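Colleague: Mind looking over this structure? Questions follow.
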There are 2 protein chains.
Amino acid sequence: MGSLDTTPTAAFADVAGGGFEPLNADDVRSYLHKSVDFIYDYYKSVESLPVLPGVEPGYLRRLLQSVPPTSSAPFDIALKEVRDAVVPGMTHWASPNFFAFFPSTNSAAAIAGELIASAMNTVGFTWQASPASTEMEVLALDWLAQLLRLPPTFMNRTAAAGRGTGGGGVILGTTSEAMLVTLVSARDAALRRAGSVGVAGITRLAVYAADQTHSTFFKACRLAGFDPANIRSIPTGPETDYALDPARLLEVMQADVDAGLVPTYVCATVGTTSSNAVDPVGAIADVAAVFNAWVHIDAAYAGSACICPEFRHHLDGVERVDSISMSPHKWLMTCLDCTCLWVRDTHRLTDSLETNPEYLKNDASESGTVTDLKDMQVGVGRRFRGLKLWMVMRTYGSAKLQEHIRSDVAMAKMFEDAVRADHRFEVVVPRNFALVCFRIRPQGTDLTEEDADVVNRELMERLNRTGKAYLAHTAIGGKFVLRFAVGSSLQEERHVRSAWELIKKTTTEIFEEETM
Amino acid sequence: MGSLDTTPTAAFADVAGGGFEPLNADDVRSYLHKSVDFIYDYYKSVESLPVLPGVEPGYLRRLLQSVPPTSSAPFDIALKEVRDAVVPGMTHWASPNFFAFFPSTNSAAAIAGELIASAMNTVGFTWQASPASTEMEVLALDWLAQLLRLPPTFMNRTAAAGRGTGGGGVILGTTSEAMLVTLVSARDAALRRAGSVGVAGITRLAVYAADQTHSTFFKACRLAGFDPANIRSIPTGPETDYALDPARLLEVMQADVDAGLVPTYVCATVGTTSSNAVDPVGAIADVAAVFNAWVHIDAAYAGSACICPEFRHHLDGVERVDSISMSPHKWLMTCLDCTCLWVRDTHRLTDSLETNPEYLKNDASESGTVTDLKDMQVGVGRRFRGLKLWMVMRTYGSAKLQEHIRSDVAMAKMFEDAVRADHRFEVVVPRNFALVCFRIRPQGTDLTEEDADVVNRELMERLNRTGKAYLAHTAIGGKFVLRFAVGSSLQEERHVRSAWELIKKTTTEIFEEETM
């Protein structure tokens with residue numbers, strides 16, 4: 001495609017004698033309208049594209065030029081290369097046939113919000129640097145806190161009531177960042193309490209989570225400098241459906257105290273990535289309170305479901321934890337990236353994260369009446385993060401959002417029922433939300449456990465190679481298990497039905513080959 | 001505005017019996033075309049809007065409903081509220097009259113790239129989870145590395161040459177994250193070298209930067225668990241134009257070694273935020289090599305200028321450092337957020353940042369032939385980050401990008417010359433790029449140093465209150481100094497000239513009032 005680039009072209013509107021105008025409004029409009037039409041075509045066709053592409057590592061470099069062009073080219077060239085070279089190598093998360101991992105749900109309102117934010121391109125590190133973007137983020141967080149019925153202690157201190165609660169929130173990029181900033185805050189508070197000189201006491205601090213907790217938690221602990229020997233991954237089993245057992249947590253924390261360690265932080269997960277296990281929030285908070293440890297709830301995926309009253313009980317006890325995060329980019333129809341973090345006491349964050357260089361000083365910050373969001377995150381720079389989330393809630397309203405959650409759960413239940421009705425399969429753990437963990441079972445098929453693992457892996461690989469569905473797997477209790485995650489935003493009942501038919505047919509083929 | 005929300009509306013295209021379709025392609029097209037027209041109008045009008053808004057803290061909550069709506073509303077309602085309530089409270093970074101901080105430059109191609117990425121909404125944590133987005137990111141990084149003439153050791157190991165170098169890159173959200181992941185990698189390597197049991201040796205590790213280094217560096221050190229007592233902020237002064245003195249660095253590092261500490265990491269800045277000082281990269285690398293310390297270059301802003309041969313010398317010595325980061329969202333016309341990090345040995349990153357949960361295992365990762373970008377960042381989830389950066393380079397080409405940098409620098413020089421020609425003002429430090437640090441000078445105006453600070457602050461505040469320009473300040477050598485940063489993407493020579501006229505006129509007014 002390099003040949004397309006040999007002659008300079010008049011790709012830009014030139015006024016005032018040929019200057020380069022990267023933000024010329026006519027160009028912006030033209031490029032964006034073309035992009036919108038590209039997106040329209042993409043959504044119209046994505047259902048028919050292989051979900052998982054059949055490309056080999058390095059494929060893109062063989063299609064696109066490896067040296068950056070010197071000359072400009074019409075925008076159509078870039079768009080053509082995206083169409084011809086990029087799209088065929090995508091794993092189509094937007095496909096209705098995508099059932100892997102967790103869906104990255106999306107919506108027209110969210111994309112529009114992100115688009116406007118990209119064009120305004122503000123950097124809202126302090127309130128003054130962009131009052132509207134800071135206040136919109138705070139408002140969106142308070143709205144979502146209301147939908148989740150979080151206690152008022154997590155609402156922003158400039159809440160409508162006018163009385164500061166000390167609580168508040170911030171929108172971050174990922175759950176990992178929410179874990180990291182709360183871990184660092186808990187670490188620093190524990191060091192202060194322990195009278196540590198500098199960080200000398202860090203080797204005595206201990207942190208806790210179930211073994212089903214997302215790997216990024218254990219990574220975040222290492223990033224924050226906790227001693228690997230004191231990062232506890234507490235075993236779980238089928239007796240709690242792989243949720244953290246509070247009695248076990250108490251034993252482990254007490255043993256650490258007896259050994260001279262300082263319990264510092266407990267991460268409870270509402271909807272684990274592997275199997276959607278739900279750690280008992282209230283009971284964990286009670287145990288942690290004995291040791292004055294910080295409790296964080298990671299509800300990255302399932303938090304969105306808690307806007308429905310029938311799922312809200314999974315957050316019971318949240319009024320006794322220190323922080324909670326969830327990611328609307330997973331299941332609340334808000335495109336990447338958008339992770340909401342609420343804390344009960346923002347000062348515990350800002351004590352560890354505040355910076356105050358001369359060039360960011362301003363009267364508003366010094367008045368103490370505003371939120372400077374840079375002091376609740378890792379970095380300084382930040383996009384206009386609240387707009388798309390607010391647009392989703394403003395446009396669709398909570399009733400439609402609840403309807404969407406319920407529709408996904410109903411489709412998952414439909415799939416679960418189908419699995420249970422086929423003697424060759426089993427549902428491995430109870431379904432809590434819209435994820436079904438299932439497998440071909442040894443008992444119904446005369447397979448050994450080892451053979452079952454082989455057959456289930458074969459099933460997954462064959463399904464994924466068809467391009468008609470994409471499923472991921474996990475290990476539960478040492479078994480190879482398929483994960484069927486409903487919820488891709490274009491998904492309808494017929495896609496779930498088709499996937500199930502494909503699973504049954506492929507399973508039959510595998511067994512027929514085995515017996516031949 | 002709550003009254004707009006009392007009646008449910010038919011805001012969504014309903015097919016198949018009334019289901020809620022958040023990604024209905026017709027809705028997407030309609031919302032986005034409306035948003036594009038909004039953006040067109042915004043760019044056409046932004047010049048006439050007050051750059052810094054005159055709103056009070058809490059203003060937005062008084063304009064928008066504080067309770068999230070239950071019912072849906074036409075997208076036009078959200079757009080109207082953005083127009084009526086959000087825009088008047090924005091600090092308009094896109095305004096051509098914005099001269100504060102560093103500009104967040106942008107372009108039609110970048111916004112288009114981000115838009116398409118938002119719509120595809122892939123999560124490229126592993127290569128398999130989205131081959132095209134991983135390969136596009138790697139390609140964009142290799143292209144930009146070529147424009148910057150980085151040594152091949154920083155290119156990706158799957159580079160066109162086919163021979164792995166061990167180097168590579170990743171696109172992150174902010175410079176802070178680039179600092180954090182390299183600090184953690186350097187920390188862990190130093191602990192291993194020192195034979196530390198767990199993190200016990202962390203209290204002996206020391207890190208170094210000039211006192212002009214961005215505050216986020218010192219914060220990143222604390223996040224990574226370094227002892228505050230061992231985070232060295234090395235004084236600079238006018239004799240080096242506020243750049244780090246390698247001789248001073250050597251003294252401090254040697255003194256630490258003599259005291260039993262382990263020099264671990266040095267951050268060199270090319271283009272400091274305060275005054276655009278340039279630390280001497282090669283000399284710093286030579287000093288750090290004596291102690292086997294990691295050297296990182298933070299070229300967040302000025303790195304973009306180094307695509308021009310005449311500025312590239314600021315990176316001389318880069319072949320001897322361990323990592324370098326720069327942010328195209330600052331000066332390479334790529335909307336937020338986009339920070340590029342390159343490292344000479346990706347294994348030093350992945351040794352600290354790799355995770356390998358069962359549900360992410362796949363054949364491609366296990367083959368060792370692909371890059372899994374999750375292992376070079378804090379989190380796991382990640383947008384399709386490379387597309388917009390690639391689109392900028394693909395569409396404009398390096399010649400136009402260089403032209404844009406040079407045009408900004410020429411405008412800054414024009415401003416600098418005007419300041420120097422007026423006896424009431426002085427340029428406080430030499431101008432290196434497109435930032436001019438200046439002030440009303442005591443010598444030309446019979447002011448004391450204290451009075452000069454007061455008058456310069458008054459000048460800045462009056463300018464900013466006009467809404468016709470927005471400048472930020474800094475402190476250099478204890479003096480209050482105004483920062484005039486050229487480069488907002490809609491900026492033309494006439495805006496710089498108008499700002500200068502406004503500065504002169506306002507200064508005259510201040511002096512006339514003083515003498516009245």
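In the structure tokens, each chain is lettered A, B, ... as it comes, each chain's residues begin at 1, and ligands are numbered from 1 in order of appearance.
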List the neighbours of Ala145 (chain B) out to 10 Å using only C-alpha atoms; skip same-chain residues closer than 6 positions along the sequence, and give me the result as a tab-separated table (two decimals) with N, CA and C atoms, in the first residue's frame.
Modeller:
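Below is the file part14.tsv, written as the result:
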chain	number	residue	atom	x	y	z
A	68	PRO	N	6.95	5.12	8.30
A	68	PRO	CA	5.93	6.17	8.32
A	68	PRO	C	6.03	7.07	7.09
B	139	LEU	N	2.79	-1.13	15.60
B	139	LEU	CA	3.20	-0.47	14.36
B	139	LEU	C	3.28	1.05	14.56
B	151	PRO	N	16.96	4.65	18.68
B	151	PRO	CA	17.80	3.52	18.23
B	151	PRO	C	16.93	2.27	18.03
B	152	PRO	N	17.35	1.38	17.13
B	152	PRO	CA	16.55	0.18	16.85
B	152	PRO	C	16.31	-0.67	18.09
B	154	PHE	N	14.97	0.12	20.64
B	154	PHE	CA	13.67	0.43	21.22
B	154	PHE	C	12.50	-0.05	20.35
B	155	MET	N	12.84	-0.59	19.20
B	155	MET	CA	11.78	-1.04	18.31
B	155	MET	C	11.23	-2.38	18.81
B	156	ASN	N	10.06	-2.70	18.35
B	156	ASN	CA	9.44	-3.93	18.79
B	156	ASN	C	10.19	-5.15	18.31
B	168	GLY	N	10.81	-2.60	22.84
B	168	GLY	CA	9.43	-2.46	22.41
B	168	GLY	C	8.74	-1.35	23.14
B	169	GLY	N	7.47	-1.21	22.85
B	169	GLY	CA	6.74	-0.11	23.45
B	169	GLY	C	5.32	-0.47	23.76
B	307	ILE	N	10.80	15.13	16.38
B	307	ILE	CA	10.62	14.59	15.03
B	307	ILE	C	11.23	15.53	14.00
B	340	CYS	N	3.25	7.46	24.84
B	340	CYS	CA	4.03	6.35	24.30
B	340	CYS	C	5.22	6.07	25.20
B	342	TRP	N	8.63	3.60	25.41
B	342	TRP	CA	9.51	2.60	24.80
B	342	TRP	C	10.54	2.16	25.84
Colleague: Residues within 12 Å of Gly201 (chain B), please, as a ChimeraX atom specification. Count only C-alpha atoms; anything in the same chain fewer than 4 positions from it doesn't count.
Modeller: /A:199-203,225,227 /B:187-197,205-206,225-227,260-262,264
Colleague: As a PyMOL selection string, please: every residue in region 176-340 of chain B that a backbone DSSP assignment puts in helix (DSSP H, G or I).
Modeller: chain B and resi 176-193+200-204+215-223+228-230+238-240+246-258+281-291+302-307+312-315+318-320+328-331
Colleague: Counting only C-alpha atoms, what is within 12 Å of Asp258 (chain B), bar same-chain residues fewer than 6 positions away, as a count of residues only?
Modeller: 4
Colleague: Looking at A:Ser185, A:Thr474, A:Thr445, A:Ser352, which one is nearest to Glu514 (chain A), with distances taken over only C-alpha atoms?
Modeller: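 Under the stated criterion, the closest residue is A:Thr445.
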Colleague: Give the answer as one residue: which of A:Thr355, A:Ser323, A:Thr91, A:Thr508 has the shortest atom-to-atom distance to Asn464 (chain A), using only C-alpha atoms?
Modeller: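 Smallest distance to Asn464 (chain A) is found for A:Thr91.
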Colleague: From the set B:Trp390, B:Phe102, B:Phe38, B:Tyr396, which residue has the shortest atom-to-atom contact distance to chain A, counting only C-alpha atoms?
Modeller: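 That would be B:Tyr396, the residue with the smallest distance to chain A.
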Colleague: Nearest to Met391 (chain B) among B:Met90, B:Ala305, B:Val343, B:Cys335, with distances taken over only C-alpha atoms: which residue is it?
Modeller: B:Cys335
Colleague: As an exercise, work out the distance from CA of Thr70 (chain B) to CA of Ala399 (chain A) in Å and give it to one decimal place.
Modeller: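 Taking CA of Thr70 (chain B) and CA of Ala399 (chain A), their separation equals 5.3 Å.
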Colleague: I want to know what sits within 10 Å of Glu403 (chain B), based on only C-alpha atoms, with residues of the same chain fewer than 4 positions away left out; could you give that as an MDAnalysis selection string?
Modeller: (chainID A and resid 19:20) or (chainID B and resid 308 398:399 407:409)
Colleague: My list of candidates is B:Gln254, B:Gln212, B:Ser48, B:Ser498. Which is closest to chain A when distances are computed with only C-alpha atoms?
Modeller: B:Gln212
